[in-house]
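Structure record follows, encoded as structure tokens.
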Amino acid sequence: MPEIENPESLEERQLEVTLTTKLPEEYQINQDGAIVVPQRLGRYGLSELVNHMLERDEIKPFDFIVNGQFLRTSLAQYMKFNNVTAEETLEIEYCLAMPEPETNEVDTNEDWLSNVCCLEKDEKSKITVL
């Protein structure tokens, strides 16, 4: 009978990943081959890793794309839902995260267009805005 795995042990497993980006040179990581990361990492943990590897003074938030989809779960959950095994090397692209949208006040000006009428009914009709 196979042993049932402890969910905590799943979170401590590791995975080989390669980090790629299309960002400018200042955001490029110099890595030779794949690196090993815990499967429990999600967007925040991977963002910390990239910032650490970049050795930048200013911390930047990053988003991560795996197989054309933004990573919104841990790597372990992504692997489970997408049938990815730990033997595979996962290619992860990172990009700068978009900041949360700011709420702007709605423009309360009245509409400047009050009426539209057609003066002639032929192919060269003229429209007058009143």
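Following the order of the structure tokens, first chain is A, next is B, and so on, with residues numbered from 1 inside each chain and ligands from 1 in the order they appear.
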For segment 39-48 of chain A, please output as a PyMOL selection string all residues within 8 Å (counting only C-alpha atoms; exclusion window: fewer than 5 positions along the same chain). chain A and resi 10-15+60-64+71-76
Check the smallest atom-to-atom distance from each of A:Val36, A:Asn82, A:Gln69, A:Gln28 to Met53 of chain A using only C-alpha atoms, then report the winner.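 Among A:Val36, A:Asn82, A:Gln69, A:Gln28, it is A:Gln28 that comes nearest to Met53 of chain A.
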Quick one: everything within 12 Å of Glu58 of chain A, counting only C-alpha atoms, minus sequence neighbours fewer than 5 positions away in the same chain. Send it as a tab-separated table (two decimals) with N, CA, C and O atoms, in the first residue's frame.
chain	number	residue	atom	x	y	z
A	26	GLU	N	19.73	46.01	-17.00
A	26	GLU	CA	19.80	46.22	-15.55
A	26	GLU	C	18.96	45.22	-14.76
A	26	GLU	O	19.15	45.05	-13.56
A	27	TYR	N	18.04	44.53	-15.43
A	27	TYR	CA	17.19	43.54	-14.76
A	27	TYR	C	17.55	42.11	-15.15
A	27	TYR	O	16.84	41.17	-14.80
A	48	GLU	N	11.32	38.16	-4.25
A	48	GLU	CA	12.43	38.38	-3.32
A	48	GLU	C	13.71	37.74	-3.85
A	48	GLU	O	14.79	38.33	-3.76
A	51	ASN	N	15.11	39.88	-6.76
A	51	ASN	CA	15.73	41.10	-6.22
A	51	ASN	C	17.07	40.80	-5.56
A	51	ASN	O	18.02	41.55	-5.71
A	52	HIS	N	17.14	39.69	-4.84
A	52	HIS	CA	18.40	39.29	-4.19
A	52	HIS	C	19.47	38.99	-5.25
A	52	HIS	O	20.62	39.41	-5.12
Please report the interatomic distance between atom CA of Ala86 of chain A and atom CA of Phe70 of chain A in Å with one decimal.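 Interatomic distance, atom CA of Ala86 of chain A to atom CA of Phe70 of chain A: 19.5 Å.
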Report the residues of segment 24-58 of chain A whose backbone DSSP state falls under strand (DSSP E), written as a list in words. Ile35, Val36, Val37 and Pro38 of chain A
Output all heavy atoms for every residue in the selection just made, as a PDB file, in the first residue's frame.
ATOM      1  N   ILE A  35      18.541  26.893 -11.450  1.00  0.00           N
ATOM      2  CA  ILE A  35      18.749  27.012 -10.008  1.00  0.00           C
ATOM      3  C   ILE A  35      17.672  26.193  -9.313  1.00  0.00           C
ATOM      4  O   ILE A  35      16.625  25.908  -9.881  1.00  0.00           O
ATOM      5  CB  ILE A  35      18.716  28.483  -9.532  1.00  0.00           C
ATOM      6  CG1 ILE A  35      17.379  29.137  -9.873  1.00  0.00           C
ATOM      7  CG2 ILE A  35      19.863  29.272 -10.108  1.00  0.00           C
ATOM      8  CD1 ILE A  35      17.204  30.517  -9.273  1.00  0.00           C
ATOM      9  N   VAL A  36      17.931  25.819  -8.083  1.00  0.00           N
ATOM     10  CA  VAL A  36      16.990  25.003  -7.313  1.00  0.00           C
ATOM     11  C   VAL A  36      16.284  25.902  -6.306  1.00  0.00           C
ATOM     12  O   VAL A  36      16.937  26.623  -5.549  1.00  0.00           O
ATOM     13  CB  VAL A  36      17.732  23.846  -6.598  1.00  0.00           C
ATOM     14  CG1 VAL A  36      16.762  23.011  -5.776  1.00  0.00           C
ATOM     15  CG2 VAL A  36      18.443  22.973  -7.631  1.00  0.00           C
ATOM     16  N   VAL A  37      14.950  25.868  -6.325  1.00  0.00           N
ATOM     17  CA  VAL A  37      14.146  26.688  -5.417  1.00  0.00           C
ATOM     18  C   VAL A  37      13.112  25.804  -4.730  1.00  0.00           C
ATOM     19  O   VAL A  37      12.724  24.767  -5.271  1.00  0.00           O
ATOM     20  CB  VAL A  37      13.437  27.848  -6.163  1.00  0.00           C
ATOM     21  CG1 VAL A  37      14.445  28.787  -6.791  1.00  0.00           C
ATOM     22  CG2 VAL A  37      12.464  27.328  -7.191  1.00  0.00           C
ATOM     23  N   PRO A  38      12.653  26.208  -3.544  1.00  0.00           N
ATOM     24  CA  PRO A  38      11.577  25.454  -2.885  1.00  0.00           C
ATOM     25  C   PRO A  38      10.280  25.563  -3.678  1.00  0.00           C
ATOM     26  O   PRO A  38       9.957  26.629  -4.213  1.00  0.00           O
ATOM     27  CB  PRO A  38      11.429  26.132  -1.523  1.00  0.00           C
ATOM     28  CG  PRO A  38      12.641  26.968  -1.343  1.00  0.00           C
ATOM     29  CD  PRO A  38      13.140  27.290  -2.706  1.00  0.00           C
TER      30      PRO A  38
END
What's the separation between atom CA of Thr89 of chain A and atom CA of Asn67 of chain A, in Å to one decimal place?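 Separation of atom CA of Thr89 of chain A and atom CA of Asn67 of chain A: 12.1 Å.
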